[in-house]
Amino acid sequence: MTTRGALPLHMQITELIIRDIAAGRLVNGERLAPEREMADSFGIAVGTLRKALATLQEKGLLERVQGSGNYIRAKADTGSIYAFLRLELAEGGGLPKARVLSVDRLPKHPDLPPFGPHTDGHRIRRLRYLSGTVAAVEEIWLDASHAERLSAEELSESLYYFYASQLNLRIARAEDRVGQGPLPDWAPAEFPHAPGTMLPMITRVSHGHEDAPVEASWTWYDPGRVRYTVRLK
């Protein structure tokens, strides 16, 4: 069953392979397993896998050689919808997923960096996973000028994909500041640290194509399971 807000299966497989390329787990020239074997390993139909591989080929990340197989063609710009996600598993890569905990329209928190013209923001709290591993909790604030209301039901696992496809808002760049901060008291029990624990914390401001800041966020991540990386562009 597809979970609410989940990306289509072929897009999930595309993104998983892209992140493995960016992490160096799949290297340039590497031959992938036969398609039926790959499909079985992912638990998907061969047709779904072929849609994912076709997307990789369109992005210039895969060469399909008739009678020989599929070969990785690594490059710096992978075209990932998670291009600004700086977290990956400790061993590299990992398919991002997220569970929305709450969505509220509120006056902007005074501790947030400046972003957007509106006095209100949509506060989105989420639990993030990488290939099924609990990885981080995050609080994202989107300037309310971009939407009157948001609901958990309509948000996709990639917020930037949702912004582009539903709000016509495209994120051009993101500025991160990495430090330490106490895990908030709203963190769900399945996150493997108690509220108040000092953890690595990312403060981010995201900019639209006119370079105006449109979103700000805090992310606390588990350093025993995941790492922060700047390899993904």
# chains A, B, ... in the order shown; residues from 1 in each chain; ligands from 1
>>> closest_atom_pairs(of="region 49-138 of chain A", to="region 171-192 of chain A", cutoff="7 Å", atoms="only C-alpha atoms", output="JSON lines")
{"residue": "A:Phe84", "atom": "CA", "partner": "A:Ala174", "partner_atom": "CA", "distance": 6.9}
{"residue": "A:Val134", "atom": "CA", "partner": "A:Phe191", "partner_atom": "CA", "distance": 6.5}
{"residue": "A:Val137", "atom": "CA", "partner": "A:Ala187", "partner_atom": "CA", "distance": 6.7}
>>> residues_around(residues="Gly132 (chain A)", least_positions_apart="4", cutoff="10 Å", atoms="only C-alpha atoms", output="ChimeraX atom specification")
/A:94-98,128
>>> write_last_selection(atoms="C-alpha atoms", output="PDB file, in the first residue's frame")
ATOM      1  CA  GLY A  94      19.535   6.084   1.922  1.00  0.00           C
ATOM      2  CA  LEU A  95      16.046   6.697   0.502  1.00  0.00           C
ATOM      3  CA  PRO A  96      14.444   9.707   2.247  1.00  0.00           C
ATOM      4  CA  LYS A  97      10.941   9.384   3.652  1.00  0.00           C
ATOM      5  CA  ALA A  98       9.057  11.524   6.123  1.00  0.00           C
ATOM      6  CA  ARG A 128      12.509  11.770   8.826  1.00  0.00           C
TER       7      ARG A 128
END
>>> select_by_dssp(residues="region 2-217 of chain A", states="strand (DSSP E)", output="number ranges by chain")
A: 62-65, 69-72, 87-89, 96-107, 120-130, 133-143, 171-182, 198-208, 213-217
>>> residues_around(residues="region 103-117 of chain A", least_positions_apart="5", cutoff="6 Å", atoms="only C-alpha atoms", output="PyMOL selection string")
chain A and resi 122-124+143+213-214
>>> write_last_selection(atoms="N, CA and C atoms", output="mmCIF file, in the first residue's frame")
data_model
loop_
_atom_site.group_PDB
_atom_site.id
_atom_site.type_symbol
_atom_site.label_atom_id
_atom_site.label_comp_id
_atom_site.auth_asym_id
_atom_site.auth_seq_id
_atom_site.Cartn_x
_atom_site.Cartn_y
_atom_site.Cartn_z
ATOM 1 N N HIS A 122 3.552 28.669 7.968
ATOM 2 C CA HIS A 122 3.031 27.318 8.158
ATOM 3 C C HIS A 122 4.128 26.492 8.828
ATOM 4 N N ARG A 123 3.871 26.056 10.054
ATOM 5 C CA ARG A 123 4.849 25.258 10.800
ATOM 6 C C ARG A 123 4.567 23.782 10.557
ATOM 7 N N ILE A 124 5.573 23.107 9.980
ATOM 8 C CA ILE A 124 5.456 21.681 9.656
ATOM 9 C C ILE A 124 6.472 20.922 10.500
ATOM 10 N N ASP A 143 6.765 30.564 4.599
ATOM 11 C CA ASP A 143 6.077 31.850 4.650
ATOM 12 C C ASP A 143 4.640 31.707 4.144
ATOM 13 N N PRO A 213 14.399 34.796 0.558
ATOM 14 C CA PRO A 213 14.200 33.697 1.502
ATOM 15 C C PRO A 213 12.715 33.410 1.703
ATOM 16 N N VAL A 214 12.331 32.147 1.566
ATOM 17 C CA VAL A 214 10.910 31.768 1.617
ATOM 18 C C VAL A 214 10.606 30.767 2.720
#
>>> atom_distance(atom1="CA of Glu15 (chain A)", atom2="CA of Ala52 (chain A)")
8.7 Å
>>> atom_distance(atom1="CA of Met38 (chain A)", atom2="CA of Leu16 (chain A)")
12.7 Å
>>> closest_residue(among="A:Gln57, A:Ser165, A:Ser151, A:Thr203", to="Glu215 (chain A)", atoms="only C-alpha atoms")
A:Thr203
>>> atom_distance(atom1="CA of Arg25 (chain A)", atom2="CA of Ala6 (chain A)")
24.4 Å
>>> residues_around(residues="region 64-70 of chain A", least_positions_apart="2", cutoff="8 Å", atoms="only C-alpha atoms", output="list of chain:residue names")
A:Arg31, A:Leu32, A:Ala33, A:Pro34, A:Gln57, A:Leu62, A:Ile72
>>> residues_around(residues="Gly224 (chain A)", least_positions_apart="2", cutoff="10 Å", atoms="only C-alpha atoms", output="list in words")
Leu89, Ala90, Ala135, Pro192, Tyr221, Asp222, Val226 and Arg227 of chain A
>>> residues_around(residues="Tyr163 (chain A)", least_positions_apart="4", cutoff="12 Å", atoms="only C-alpha atoms", output="PyMOL selection string")
chain A and resi 81+142-143+146-147+150+154-159+167-172+206+208+214-215
>>> write_last_selection(atoms="N, CA and C atoms", output="mmCIF file, in the first residue's frame")
data_model
loop_
_atom_site.group_PDB
_atom_site.id
_atom_site.type_symbol
_atom_site.label_atom_id
_atom_site.label_comp_id
_atom_site.auth_asym_id
_atom_site.auth_seq_id
_atom_site.Cartn_x
_atom_site.Cartn_y
_atom_site.Cartn_z
ATOM 1 N N ILE A 81 15.432 15.321 -6.677
ATOM 2 C CA ILE A 81 14.446 16.161 -6.008
ATOM 3 C C ILE A 81 14.821 16.366 -4.546
ATOM 4 N N LEU A 142 7.207 27.641 6.437
ATOM 5 C CA LEU A 142 7.033 28.208 5.100
ATOM 6 C C LEU A 142 6.261 29.508 5.228
ATOM 7 N N ASP A 143 6.765 30.564 4.599
ATOM 8 C CA ASP A 143 6.077 31.850 4.650
ATOM 9 C C ASP A 143 4.640 31.707 4.144
ATOM 10 N N HIS A 146 2.685 32.096 0.488
ATOM 11 C CA HIS A 146 2.685 31.126 -0.611
ATOM 12 C C HIS A 146 1.480 30.202 -0.588
ATOM 13 N N ALA A 147 0.736 30.163 0.507
ATOM 14 C CA ALA A 147 -0.455 29.319 0.597
ATOM 15 C C ALA A 147 -1.304 29.805 1.755
ATOM 16 N N LEU A 150 -2.297 24.791 4.586
ATOM 17 C CA LEU A 150 -1.668 23.517 4.237
ATOM 18 C C LEU A 150 -2.220 22.459 5.169
ATOM 19 N N GLU A 154 -1.982 16.670 2.195
ATOM 20 C CA GLU A 154 -1.544 17.069 0.855
ATOM 21 C C GLU A 154 -0.029 17.122 0.693
ATOM 22 N N LEU A 155 0.720 17.106 1.793
ATOM 23 C CA LEU A 155 2.169 17.249 1.706
ATOM 24 C C LEU A 155 2.800 15.954 1.230
ATOM 25 N N SER A 156 3.799 16.068 0.371
ATOM 26 C CA SER A 156 4.531 14.888 -0.089
ATOM 27 C C SER A 156 5.788 14.715 0.746
ATOM 28 N N GLU A 157 6.454 13.570 0.570
ATOM 29 C CA GLU A 157 7.672 13.292 1.344
ATOM 30 C C GLU A 157 8.790 14.273 1.006
ATOM 31 N N SER A 158 8.814 14.774 -0.203
ATOM 32 C CA SER A 158 9.744 15.832 -0.564
ATOM 33 C C SER A 158 8.981 17.148 -0.575
ATOM 34 N N LEU A 159 9.222 18.001 0.427
ATOM 35 C CA LEU A 159 8.517 19.281 0.478
ATOM 36 C C LEU A 159 8.856 20.146 -0.730
ATOM 37 N N LEU A 167 2.591 24.562 -5.463
ATOM 38 C CA LEU A 167 2.595 25.982 -5.121
ATOM 39 C C LEU A 167 3.345 26.836 -6.138
ATOM 40 N N ASN A 168 3.914 26.192 -7.158
ATOM 41 C CA ASN A 168 4.731 26.892 -8.159
ATOM 42 C C ASN A 168 5.864 27.679 -7.494
ATOM 43 N N LEU A 169 6.421 27.097 -6.460
ATOM 44 C CA LEU A 169 7.534 27.696 -5.721
ATOM 45 C C LEU A 169 8.740 26.788 -5.856
ATOM 46 N N ARG A 170 9.784 27.279 -6.474
ATOM 47 C CA ARG A 170 10.974 26.456 -6.691
ATOM 48 C C ARG A 170 12.129 26.978 -5.847
ATOM 49 N N ILE A 171 12.743 26.064 -5.114
ATOM 50 C CA ILE A 171 13.868 26.421 -4.254
ATOM 51 C C ILE A 171 15.147 26.401 -5.083
ATOM 52 N N ALA A 172 15.866 27.517 -5.088
ATOM 53 C CA ALA A 172 17.077 27.637 -5.894
ATOM 54 C C ALA A 172 18.327 27.330 -5.089
ATOM 55 N N SER A 206 15.953 28.717 3.121
ATOM 56 C CA SER A 206 15.854 28.337 1.718
ATOM 57 C C SER A 206 15.372 29.524 0.897
ATOM 58 N N GLY A 208 14.052 31.184 -2.915
ATOM 59 C CA GLY A 208 13.411 30.941 -4.195
ATOM 60 C C GLY A 208 14.271 31.428 -5.341
ATOM 61 N N VAL A 214 12.331 32.147 1.566
ATOM 62 C CA VAL A 214 10.910 31.768 1.617
ATOM 63 C C VAL A 214 10.606 30.767 2.720
ATOM 64 N N GLU A 215 11.628 30.154 3.275
ATOM 65 C CA GLU A 215 11.420 29.072 4.241
ATOM 66 C C GLU A 215 12.588 29.041 5.210
#
>>> closest_residue(among="A:Tyr161, A:Lys75, A:Met198, A:Ala136", to="Met11 (chain A)", atoms="only C-alpha atoms")
A:Tyr161
>>> select_by_dssp(residues="region 1-149 of chain A", states="alpha helix (DSSP H)", output="ChimeraX atom specification")
/A:9-22,35-42,46-58
>>> closest_residue(among="A:Asp77, A:Glu35, A:Glu30, A:Asp120", to="Leu49 (chain A)", atoms="only C-alpha atoms")
A:Glu35
